[in-house]
Amino acid sequence: MKLDRFKMVFWDFDGVIKESVSVKTDAFVELFAPYGDDVCNKVRSHHIENAGISRFDKIPLYLKWSGIEPTNIRVDDACSQFNRIVKNKVINSDWVPGVESFLHQNKKKISFIIVSATPQDELVEICQSLNIDNCFLKIYGSPTAKSSAIRECILDFEISPEKCLMIGDAKADINAAEENNIKFILRRHQYNQNLKIASDHLVIDDFYNI
C-alpha cells in the first residue's frame, strides 16, 4: 500500500500519534477509584475493549455502574474531572515512533485530517501544544462521529474514497473506514494485539518505513 496513491489520510490520535492509550485507561480508573475495585476493574475492561468510543458515551454508563444516576450535571462534572486528569498526561506521553517527523515531512504532499473521540476543543489544544496543528487540514473531535467526519470530508472536498486512507488502532476506526469504503492501516501496539482486521488492511508498528 503506497501512500503516494492517496490524497487524503484520516488519523486517529491515541495510539496512532501519541502513546496515550493507557493514559485514558489510567484516568478512568483514577476517576472511579472511590467506588471500589470491582467498579474500577469493570471500567478498565470496558474502556480497553471499546477503544475509540467517546468518553461522553462511556462516563454515563460508568456512573450507573457506580450507583450514580447519570444526570447532565453529574456527567458534566465527571467529564471535567476526566479532562483535567487526561490533558497533561496526553501531551507528556511518548510519540508513536516516527510519527512526528512523518507528519511534518508529508503535510504538504497529502491532506491530513484527525478524526478522534477526544472532545474537539481539548484535541485542538493538545495539537497546538504539540506544534502539530498546522499538519492537519481539519481536526475533528467528539461529538462528531469518526464515520460522519470522514463522509463530510469526502463530500466537501469532492474526493474519491479510493484516494482516502484511515490510520487507526481500534475497532471503531476500522468501522469508520469500512463504512466509507476507504483503505485502512492498523497501528499495532500492546493494547490491541487481539484485534482482528481484514486481509486487505495493512498493519504497522511505527512510521519509520511507511
# chains A, B, ... in the order shown; residues from 1 in each chain; ligands from 1
$ closest_atom_pairs --of "stretch 19-103 of chain A" --to "stretch 135-159 of chain A" --cutoff "9 Å" --atoms "only C-alpha atoms" --output "Markdown table"
| residue | atom | partner | partner_atom | distance |
| --- | --- | --- | --- | --- |
| A:Ser54 | CA | A:Ser142 | CA | 6.6 |
| A:Arg55 | CA | A:Ser142 | CA | 8.7 |
| A:Phe56 | CA | A:Pro143 | CA | 8.2 |
| A:Leu103 | CA | A:Cys135 | CA | 6.3 |
$ residues_around --residues "stretch 80-88 of chain A" --least-positions-apart "6" --cutoff "12 Å" --atoms "only C-alpha atoms" --output "ChimeraX atom specification"
/A:14,20-32,55-56,58-59,73-74,118-127,129-130
$ write_last_selection --atoms "N, CA, C and O atoms" --output "short mmCIF file (atom, residue, chain, number, x, y, z; two decimals), in the first residue's frame"
data_model
loop_
_atom_site.label_atom_id
_atom_site.label_comp_id
_atom_site.auth_asym_id
_atom_site.auth_seq_id
_atom_site.Cartn_x
_atom_site.Cartn_y
_atom_site.Cartn_z
N ASP A 14 -4.99 8.84 19.81
CA ASP A 14 -4.42 7.99 20.85
C ASP A 14 -3.99 6.64 20.27
O ASP A 14 -4.78 5.94 19.65
N SER A 20 -0.80 7.22 24.01
CA SER A 20 -1.65 7.71 25.10
C SER A 20 -2.86 6.82 25.37
O SER A 20 -3.78 7.23 26.07
N VAL A 21 -2.87 5.60 24.82
CA VAL A 21 -3.99 4.71 25.06
C VAL A 21 -4.12 4.39 26.54
O VAL A 21 -5.21 4.46 27.12
N SER A 22 -3.01 4.07 27.20
CA SER A 22 -3.07 3.71 28.62
C SER A 22 -3.38 4.92 29.49
O SER A 22 -3.89 4.77 30.61
N VAL A 23 -3.09 6.14 28.99
CA VAL A 23 -3.39 7.36 29.75
C VAL A 23 -4.89 7.45 30.01
O VAL A 23 -5.32 7.76 31.12
N LYS A 24 -5.68 7.19 28.99
CA LYS A 24 -7.14 7.25 29.14
C LYS A 24 -7.62 6.18 30.11
O LYS A 24 -8.50 6.42 30.93
N THR A 25 -7.05 4.98 29.99
CA THR A 25 -7.42 3.89 30.89
C THR A 25 -7.11 4.27 32.34
O THR A 25 -7.95 4.11 33.23
N ASP A 26 -5.90 4.76 32.57
CA ASP A 26 -5.49 5.15 33.92
C ASP A 26 -6.39 6.27 34.47
O ASP A 26 -6.71 6.30 35.65
N ALA A 27 -6.79 7.20 33.57
CA ALA A 27 -7.63 8.31 34.00
C ALA A 27 -9.01 7.84 34.42
O ALA A 27 -9.58 8.31 35.41
N PHE A 28 -9.59 6.91 33.66
CA PHE A 28 -10.90 6.37 34.02
C PHE A 28 -10.83 5.65 35.37
O PHE A 28 -11.72 5.79 36.21
N VAL A 29 -9.77 4.87 35.55
CA VAL A 29 -9.62 4.12 36.81
C VAL A 29 -9.46 5.09 37.97
O VAL A 29 -10.06 4.91 39.04
N GLU A 30 -8.66 6.15 37.79
CA GLU A 30 -8.47 7.14 38.84
C GLU A 30 -9.78 7.84 39.18
O GLU A 30 -10.09 8.09 40.35
N LEU A 31 -10.57 8.15 38.14
CA LEU A 31 -11.82 8.86 38.33
C LEU A 31 -12.82 8.04 39.13
O LEU A 31 -13.56 8.57 39.97
N PHE A 32 -12.83 6.72 38.88
CA PHE A 32 -13.83 5.86 39.53
C PHE A 32 -13.26 5.04 40.69
O PHE A 32 -13.95 4.18 41.24
N ARG A 55 -15.72 9.40 25.42
CA ARG A 55 -15.92 9.41 26.88
C ARG A 55 -17.34 9.84 27.25
O ARG A 55 -17.85 9.47 28.30
N PHE A 56 -17.99 10.63 26.38
CA PHE A 56 -19.35 11.09 26.65
C PHE A 56 -20.35 9.95 26.59
O PHE A 56 -21.44 10.04 27.15
N LYS A 58 -19.17 6.75 27.44
CA LYS A 58 -18.70 5.83 28.46
C LYS A 58 -19.04 6.30 29.88
O LYS A 58 -19.46 5.50 30.73
N ILE A 59 -18.84 7.58 30.15
CA ILE A 59 -18.98 8.08 31.52
C ILE A 59 -20.38 7.89 32.09
O ILE A 59 -20.52 7.48 33.26
N ILE A 73 -25.76 17.17 35.04
CA ILE A 73 -24.81 17.85 35.92
C ILE A 73 -23.69 16.89 36.35
O ILE A 73 -22.50 17.24 36.32
N ARG A 74 -24.08 15.67 36.71
CA ARG A 74 -23.08 14.70 37.17
C ARG A 74 -22.17 14.24 36.03
O ARG A 74 -20.97 14.04 36.22
N THR A 118 -11.70 12.10 21.18
CA THR A 118 -11.38 13.13 22.16
C THR A 118 -12.22 14.38 21.88
O THR A 118 -12.43 14.72 20.71
N PRO A 119 -12.72 15.05 22.91
CA PRO A 119 -13.52 16.27 22.67
C PRO A 119 -12.79 17.28 21.79
O PRO A 119 -11.58 17.47 21.93
N GLN A 120 -13.53 17.90 20.91
CA GLN A 120 -12.98 18.80 19.89
C GLN A 120 -12.03 19.86 20.47
O GLN A 120 -10.88 19.98 20.04
N ASP A 121 -12.51 20.65 21.43
CA ASP A 121 -11.70 21.74 21.97
C ASP A 121 -10.42 21.22 22.62
O ASP A 121 -9.34 21.80 22.45
N GLU A 122 -10.55 20.13 23.37
CA GLU A 122 -9.38 19.55 24.04
C GLU A 122 -8.36 19.05 23.01
O GLU A 122 -7.15 19.25 23.17
N LEU A 123 -8.86 18.43 21.95
CA LEU A 123 -7.99 17.88 20.91
C LEU A 123 -7.21 18.99 20.20
O LEU A 123 -6.01 18.86 19.96
N VAL A 124 -7.89 20.08 19.89
CA VAL A 124 -7.22 21.21 19.24
C VAL A 124 -6.14 21.79 20.16
O VAL A 124 -5.02 22.08 19.72
N GLU A 125 -6.45 21.94 21.44
CA GLU A 125 -5.48 22.48 22.40
C GLU A 125 -4.25 21.57 22.50
O GLU A 125 -3.12 22.05 22.58
N ILE A 126 -4.49 20.26 22.51
CA ILE A 126 -3.38 19.30 22.59
C ILE A 126 -2.50 19.41 21.36
O ILE A 126 -1.26 19.47 21.45
N CYS A 127 -3.11 19.46 20.18
CA CYS A 127 -2.34 19.57 18.93
C CYS A 127 -1.55 20.86 18.87
O CYS A 127 -0.41 20.89 18.39
N SER A 129 -0.42 22.52 21.49
CA SER A 129 0.67 22.39 22.46
C SER A 129 1.82 21.56 21.91
O SER A 129 2.98 21.77 22.27
N LEU A 130 1.49 20.62 21.03
CA LEU A 130 2.49 19.73 20.44
C LEU A 130 3.07 20.29 19.13
O LEU A 130 3.94 19.65 18.52
#
$ select_by_dssp --residues "stretch 26-163 of chain A" --states "helix (DSSP H, G or I)" --output "short mmCIF file (atom, residue, chain, number, x, y, z; two decimals) with N, CA and C atoms, in the first residue's frame"
data_model
loop_
_atom_site.label_atom_id
_atom_site.label_comp_id
_atom_site.auth_asym_id
_atom_site.auth_seq_id
_atom_site.Cartn_x
_atom_site.Cartn_y
_atom_site.Cartn_z
N ASP A 26 -5.90 4.76 32.57
CA ASP A 26 -5.49 5.15 33.92
C ASP A 26 -6.39 6.27 34.47
N ALA A 27 -6.79 7.20 33.57
CA ALA A 27 -7.63 8.31 34.00
C ALA A 27 -9.01 7.84 34.42
N PHE A 28 -9.59 6.91 33.66
CA PHE A 28 -10.90 6.37 34.02
C PHE A 28 -10.83 5.65 35.37
N VAL A 29 -9.77 4.87 35.55
CA VAL A 29 -9.62 4.12 36.81
C VAL A 29 -9.46 5.09 37.97
N GLU A 30 -8.66 6.15 37.79
CA GLU A 30 -8.47 7.14 38.84
C GLU A 30 -9.78 7.84 39.18
N LEU A 31 -10.57 8.15 38.14
CA LEU A 31 -11.82 8.86 38.33
C LEU A 31 -12.82 8.04 39.13
N PHE A 32 -12.83 6.72 38.88
CA PHE A 32 -13.83 5.86 39.53
C PHE A 32 -13.26 5.04 40.69
N ALA A 33 -12.03 5.35 41.09
CA ALA A 33 -11.40 4.65 42.22
C ALA A 33 -12.21 4.73 43.51
N PRO A 34 -12.89 5.87 43.80
CA PRO A 34 -13.65 5.94 45.06
C PRO A 34 -14.79 4.93 45.16
N TYR A 35 -15.15 4.30 44.04
CA TYR A 35 -16.31 3.39 44.05
C TYR A 35 -15.91 1.92 44.12
N ASP A 37 -12.85 -1.51 43.88
CA ASP A 37 -12.07 -2.26 42.90
C ASP A 37 -12.93 -2.92 41.84
N ASP A 38 -14.11 -3.42 42.24
CA ASP A 38 -14.97 -4.10 41.27
C ASP A 38 -15.38 -3.15 40.14
N VAL A 39 -15.78 -1.93 40.51
CA VAL A 39 -16.17 -0.93 39.51
C VAL A 39 -14.97 -0.57 38.65
N CYS A 40 -13.81 -0.35 39.27
CA CYS A 40 -12.60 0.03 38.53
C CYS A 40 -12.21 -1.05 37.52
N ASN A 41 -12.27 -2.31 37.94
CA ASN A 41 -11.91 -3.40 37.03
C ASN A 41 -12.88 -3.48 35.86
N LYS A 42 -14.16 -3.26 36.14
CA LYS A 42 -15.18 -3.29 35.09
C LYS A 42 -14.98 -2.13 34.11
N VAL A 43 -14.70 -0.95 34.67
CA VAL A 43 -14.44 0.23 33.85
C VAL A 43 -13.21 0.02 32.98
N ARG A 44 -12.15 -0.49 33.58
CA ARG A 44 -10.90 -0.73 32.84
C ARG A 44 -11.14 -1.67 31.66
N SER A 45 -11.80 -2.79 31.92
CA SER A 45 -12.04 -3.78 30.86
C SER A 45 -12.90 -3.21 29.74
N HIS A 46 -13.96 -2.50 30.13
CA HIS A 46 -14.87 -1.95 29.12
C HIS A 46 -14.16 -0.91 28.26
N HIS A 47 -13.38 -0.04 28.88
CA HIS A 47 -12.69 1.00 28.12
C HIS A 47 -11.71 0.39 27.13
N ILE A 48 -10.94 -0.60 27.56
CA ILE A 48 -9.95 -1.23 26.69
C ILE A 48 -10.64 -1.94 25.52
N GLU A 49 -11.75 -2.61 25.81
CA GLU A 49 -12.46 -3.35 24.76
C GLU A 49 -13.21 -2.42 23.80
N ARG A 55 -15.72 9.40 25.42
CA ARG A 55 -15.92 9.41 26.88
C ARG A 55 -17.34 9.84 27.25
N PHE A 56 -17.99 10.63 26.38
CA PHE A 56 -19.35 11.09 26.65
C PHE A 56 -20.35 9.95 26.59
N ASP A 57 -19.98 8.87 25.91
CA ASP A 57 -20.81 7.67 25.90
C ASP A 57 -20.45 6.74 27.05
N LYS A 58 -19.17 6.75 27.44
CA LYS A 58 -18.70 5.83 28.46
C LYS A 58 -19.04 6.30 29.88
N ILE A 59 -18.84 7.58 30.15
CA ILE A 59 -18.98 8.08 31.52
C ILE A 59 -20.38 7.89 32.09
N PRO A 60 -21.47 8.16 31.34
CA PRO A 60 -22.81 7.88 31.91
C PRO A 60 -22.98 6.42 32.31
N LEU A 61 -22.42 5.51 31.49
CA LEU A 61 -22.50 4.09 31.81
C LEU A 61 -21.71 3.76 33.06
N TYR A 62 -20.51 4.32 33.18
CA TYR A 62 -19.67 4.06 34.34
C TYR A 62 -20.27 4.64 35.62
N LEU A 63 -20.95 5.76 35.49
CA LEU A 63 -21.64 6.32 36.65
C LEU A 63 -22.73 5.38 37.13
N LYS A 64 -23.48 4.80 36.20
CA LYS A 64 -24.52 3.83 36.57
C LYS A 64 -23.91 2.64 37.30
N TRP A 65 -22.78 2.14 36.79
CA TRP A 65 -22.11 1.03 37.46
C TRP A 65 -21.66 1.40 38.86
N ASN A 72 -27.32 15.20 33.80
CA ASN A 72 -26.45 16.05 32.99
C ASN A 72 -25.37 16.72 33.83
N ILE A 73 -25.76 17.17 35.04
CA ILE A 73 -24.81 17.85 35.92
C ILE A 73 -23.69 16.89 36.35
N ARG A 74 -24.08 15.67 36.71
CA ARG A 74 -23.08 14.70 37.17
C ARG A 74 -22.17 14.24 36.03
N VAL A 75 -22.75 14.06 34.86
CA VAL A 75 -21.94 13.67 33.70
C VAL A 75 -20.96 14.78 33.34
N ASP A 76 -21.44 16.03 33.33
CA ASP A 76 -20.56 17.16 33.02
C ASP A 76 -19.43 17.29 34.03
N ASP A 77 -19.75 17.09 35.30
CA ASP A 77 -18.73 17.19 36.34
C ASP A 77 -17.69 16.08 36.18
N ALA A 78 -18.15 14.86 35.91
CA ALA A 78 -17.22 13.74 35.72
C ALA A 78 -16.35 13.96 34.49
N CYS A 79 -16.93 14.48 33.42
CA CYS A 79 -16.17 14.76 32.21
C CYS A 79 -15.11 15.83 32.45
N SER A 80 -15.45 16.86 33.23
CA SER A 80 -14.50 17.92 33.54
C SER A 80 -13.32 17.37 34.34
N GLN A 81 -13.63 16.52 35.32
CA GLN A 81 -12.56 15.90 36.11
C GLN A 81 -11.67 15.04 35.23
N PHE A 82 -12.30 14.27 34.35
CA PHE A 82 -11.55 13.40 33.45
C PHE A 82 -10.64 14.22 32.54
N ASN A 83 -11.17 15.32 32.00
CA ASN A 83 -10.38 16.19 31.12
C ASN A 83 -9.13 16.70 31.79
N ARG A 84 -9.29 17.11 33.06
CA ARG A 84 -8.14 17.65 33.79
C ARG A 84 -7.07 16.58 34.00
N ILE A 85 -7.51 15.37 34.31
CA ILE A 85 -6.57 14.27 34.53
C ILE A 85 -5.81 13.93 33.25
N VAL A 86 -6.54 13.92 32.14
CA VAL A 86 -6.02 13.40 30.88
C VAL A 86 -5.10 14.36 30.12
N LYS A 87 -5.47 15.61 30.03
CA LYS A 87 -4.83 16.52 29.08
C LYS A 87 -3.31 16.57 29.20
N ASN A 88 -2.81 16.85 30.37
CA ASN A 88 -1.36 16.95 30.53
C ASN A 88 -0.66 15.62 30.33
N LYS A 89 -1.34 14.53 30.74
CA LYS A 89 -0.74 13.21 30.56
C LYS A 89 -0.60 12.88 29.08
N VAL A 90 -1.58 13.27 28.27
CA VAL A 90 -1.50 13.01 26.83
C VAL A 90 -0.37 13.82 26.21
N ILE A 91 -0.30 15.10 26.55
CA ILE A 91 0.75 15.96 25.99
C ILE A 91 2.13 15.43 26.34
N ASN A 92 2.29 14.92 27.55
CA ASN A 92 3.60 14.46 28.01
C ASN A 92 3.90 13.00 27.67
N VAL A 99 6.31 9.08 14.00
CA VAL A 99 5.12 9.79 13.50
C VAL A 99 5.33 11.30 13.41
N GLU A 100 6.06 11.89 14.35
CA GLU A 100 6.21 13.34 14.35
C GLU A 100 6.91 13.81 13.08
N SER A 101 8.01 13.18 12.73
CA SER A 101 8.73 13.56 11.51
C SER A 101 7.91 13.21 10.27
N PHE A 102 7.18 12.10 10.32
CA PHE A 102 6.35 11.70 9.18
C PHE A 102 5.30 12.76 8.88
N LEU A 103 4.67 13.28 9.92
CA LEU A 103 3.64 14.31 9.74
C LEU A 103 4.22 15.57 9.11
N HIS A 104 5.34 16.04 9.65
CA HIS A 104 5.92 17.29 9.16
C HIS A 104 6.49 17.14 7.74
N GLN A 105 7.00 15.98 7.43
CA GLN A 105 7.61 15.77 6.12
C GLN A 105 6.57 15.62 5.00
N ASN A 106 5.37 15.16 5.36
CA ASN A 106 4.37 14.85 4.34
C ASN A 106 3.14 15.75 4.34
N GLN A 120 -13.53 17.90 20.91
CA GLN A 120 -12.98 18.80 19.89
C GLN A 120 -12.03 19.86 20.47
N ASP A 121 -12.51 20.65 21.43
CA ASP A 121 -11.70 21.74 21.97
C ASP A 121 -10.42 21.22 22.62
N GLU A 122 -10.55 20.13 23.37
CA GLU A 122 -9.38 19.55 24.04
C GLU A 122 -8.36 19.05 23.01
N LEU A 123 -8.86 18.43 21.95
CA LEU A 123 -7.99 17.88 20.91
C LEU A 123 -7.21 18.99 20.20
N VAL A 124 -7.89 20.08 19.89
CA VAL A 124 -7.22 21.21 19.24
C VAL A 124 -6.14 21.79 20.16
N GLU A 125 -6.45 21.94 21.44
CA GLU A 125 -5.48 22.48 22.40
C GLU A 125 -4.25 21.57 22.50
N ILE A 126 -4.49 20.26 22.51
CA ILE A 126 -3.38 19.30 22.59
C ILE A 126 -2.50 19.41 21.36
N CYS A 127 -3.11 19.46 20.18
CA CYS A 127 -2.34 19.57 18.93
C CYS A 127 -1.55 20.86 18.87
N GLN A 128 -2.14 21.96 19.37
CA GLN A 128 -1.44 23.23 19.41
C GLN A 128 -0.24 23.16 20.35
N SER A 129 -0.42 22.52 21.49
CA SER A 129 0.67 22.39 22.46
C SER A 129 1.82 21.56 21.91
N ASP A 133 -0.66 21.16 15.01
CA ASP A 133 -1.96 21.58 14.49
C ASP A 133 -1.87 22.02 13.03
N ASN A 134 -0.71 22.55 12.64
CA ASN A 134 -0.53 23.01 11.26
C ASN A 134 -0.27 21.86 10.28
N CYS A 135 -0.19 20.64 10.81
CA CYS A 135 -0.03 19.47 9.94
C CYS A 135 -1.37 18.98 9.39
N LYS A 146 -16.57 9.63 13.99
CA LYS A 146 -15.49 9.46 13.02
C LYS A 146 -16.03 9.20 11.61
N SER A 147 -16.99 8.31 11.51
CA SER A 147 -17.55 7.98 10.20
C SER A 147 -18.19 9.20 9.55
N SER A 148 -18.87 10.01 10.34
CA SER A 148 -19.51 11.22 9.82
C SER A 148 -18.47 12.24 9.35
N ALA A 149 -17.38 12.36 10.11
CA ALA A 149 -16.32 13.30 9.74
C ALA A 149 -15.67 12.90 8.41
N ILE A 150 -15.42 11.61 8.25
CA ILE A 150 -14.83 11.12 7.00
C ILE A 150 -15.77 11.37 5.84
N ARG A 151 -17.03 11.03 6.04
CA ARG A 151 -18.02 11.23 4.97
C ARG A 151 -18.14 12.70 4.59
N GLU A 152 -18.12 13.58 5.60
CA GLU A 152 -18.22 15.02 5.36
C GLU A 152 -17.04 15.51 4.51
N CYS A 153 -15.85 15.05 4.82
CA CYS A 153 -14.66 15.49 4.08
C CYS A 153 -14.68 14.97 2.64
N ILE A 154 -15.08 13.73 2.47
CA ILE A 154 -15.16 13.16 1.12
C ILE A 154 -16.10 13.98 0.25
N LEU A 155 -17.22 14.39 0.84
CA LEU A 155 -18.20 15.18 0.09
C LEU A 155 -17.73 16.62 -0.10
N ASP A 156 -17.26 17.26 0.97
CA ASP A 156 -16.87 18.67 0.90
C ASP A 156 -15.70 18.91 -0.04
N PRO A 161 -13.36 8.04 -2.55
CA PRO A 161 -12.96 7.18 -1.42
C PRO A 161 -11.71 6.36 -1.73
N GLU A 162 -11.48 6.05 -3.01
CA GLU A 162 -10.30 5.28 -3.39
C GLU A 162 -9.01 6.05 -3.12
N LYS A 163 -9.11 7.36 -2.99
CA LYS A 163 -7.94 8.20 -2.73
C LYS A 163 -7.79 8.54 -1.25
#
$ closest_atom_pairs --of "stretch 163-188 of chain A" --to "stretch 2-12 of chain A" --cutoff "6 Å" --atoms "only C-alpha atoms" --output "Markdown table"
| residue | atom | partner | partner_atom | distance |
| --- | --- | --- | --- | --- |
| A:Lys163 | CA | A:Phe6 | CA | 4.4 |
| A:Cys164 | CA | A:Met8 | CA | 4.9 |
| A:Leu165 | CA | A:Val9 | CA | 4.8 |
| A:Met166 | CA | A:Phe10 | CA | 4.6 |
| A:Ile167 | CA | A:Trp11 | CA | 5.1 |
| A:Gly168 | CA | A:Asp12 | CA | 5.1 |
$ select_by_dssp --residues "stretch 41-140 of chain A" --states "strand (DSSP E or B)" --output "ChimeraX atom specification"
/A:95,111-119,138-140
$ residues_around --residues "stretch 194-203 of chain A" --least-positions-apart "3" --cutoff "8 Å" --atoms "only C-alpha atoms" --output "PyMOL selection string"
chain A and resi 1+170-171+174+183-188
$ decode --residues "stretch 12-21 of chain A" --atoms "all heavy atoms" --output "short mmCIF file (atom, residue, chain, number, x, y, z; two decimals), in the first residue's frame"
data_model
loop_
_atom_site.label_atom_id
_atom_site.label_comp_id
_atom_site.auth_asym_id
_atom_site.auth_seq_id
_atom_site.Cartn_x
_atom_site.Cartn_y
_atom_site.Cartn_z
N ASP A 12 -6.57 8.68 13.56
CA ASP A 12 -6.96 8.66 14.96
C ASP A 12 -5.82 9.32 15.73
O ASP A 12 -4.76 9.63 15.15
CB ASP A 12 -7.19 7.21 15.41
CG ASP A 12 -7.61 7.12 16.87
OD1 ASP A 12 -8.39 7.99 17.31
OD2 ASP A 12 -7.16 6.19 17.57
N PHE A 13 -5.98 9.54 17.02
CA PHE A 13 -4.93 10.21 17.78
C PHE A 13 -4.25 9.27 18.79
O PHE A 13 -3.09 8.93 18.65
CB PHE A 13 -5.49 11.44 18.51
CG PHE A 13 -4.42 12.29 19.14
CD1 PHE A 13 -3.84 13.33 18.44
CD2 PHE A 13 -3.99 12.05 20.43
CE1 PHE A 13 -2.83 14.11 19.00
CE2 PHE A 13 -2.99 12.80 21.02
CZ PHE A 13 -2.41 13.84 20.30
N ASP A 14 -4.99 8.84 19.81
CA ASP A 14 -4.42 7.99 20.85
C ASP A 14 -3.99 6.64 20.27
O ASP A 14 -4.78 5.94 19.65
CB ASP A 14 -5.42 7.76 21.99
CG ASP A 14 -5.78 9.05 22.70
OD1 ASP A 14 -4.86 9.78 23.11
OD2 ASP A 14 -6.99 9.33 22.84
N GLY A 15 -2.72 6.30 20.47
CA GLY A 15 -2.22 5.03 19.97
C GLY A 15 -1.75 5.09 18.53
O GLY A 15 -1.19 4.11 18.03
N VAL A 16 -1.97 6.23 17.87
CA VAL A 16 -1.55 6.39 16.48
C VAL A 16 -0.56 7.55 16.34
O VAL A 16 0.43 7.45 15.63
CB VAL A 16 -2.78 6.62 15.56
CG1 VAL A 16 -2.34 6.88 14.13
CG2 VAL A 16 -3.72 5.42 15.62
N ILE A 17 -0.84 8.65 17.04
CA ILE A 17 0.07 9.79 17.06
C ILE A 17 0.83 9.85 18.38
O ILE A 17 2.04 10.05 18.41
CB ILE A 17 -0.71 11.10 16.81
CG1 ILE A 17 -1.28 11.10 15.38
CG2 ILE A 17 0.20 12.33 17.03
CD1 ILE A 17 -2.15 12.29 15.06
N LYS A 18 0.11 9.66 19.47
CA LYS A 18 0.74 9.61 20.79
C LYS A 18 0.48 8.27 21.46
O LYS A 18 -0.58 7.66 21.26
CB LYS A 18 0.19 10.73 21.68
CG LYS A 18 0.83 12.09 21.45
CD LYS A 18 2.25 12.13 22.04
CE LYS A 18 2.74 13.54 22.26
NZ LYS A 18 3.65 13.63 23.40
N GLU A 19 1.44 7.81 22.27
CA GLU A 19 1.29 6.56 23.01
C GLU A 19 0.45 6.83 24.25
O GLU A 19 0.90 6.69 25.38
CB GLU A 19 2.67 6.01 23.41
CG GLU A 19 3.58 5.68 22.25
CD GLU A 19 3.24 4.35 21.58
OE1 GLU A 19 2.08 3.90 21.69
OE2 GLU A 19 4.15 3.78 20.95
N SER A 20 -0.80 7.22 24.01
CA SER A 20 -1.65 7.71 25.10
C SER A 20 -2.86 6.82 25.37
O SER A 20 -3.78 7.23 26.07
CB SER A 20 -2.10 9.14 24.79
OG SER A 20 -2.58 9.26 23.46
N VAL A 21 -2.87 5.60 24.82
CA VAL A 21 -3.99 4.71 25.06
C VAL A 21 -4.12 4.39 26.54
O VAL A 21 -5.21 4.46 27.12
CB VAL A 21 -3.85 3.40 24.25
CG1 VAL A 21 -4.95 2.42 24.60
CG2 VAL A 21 -3.89 3.70 22.75
#
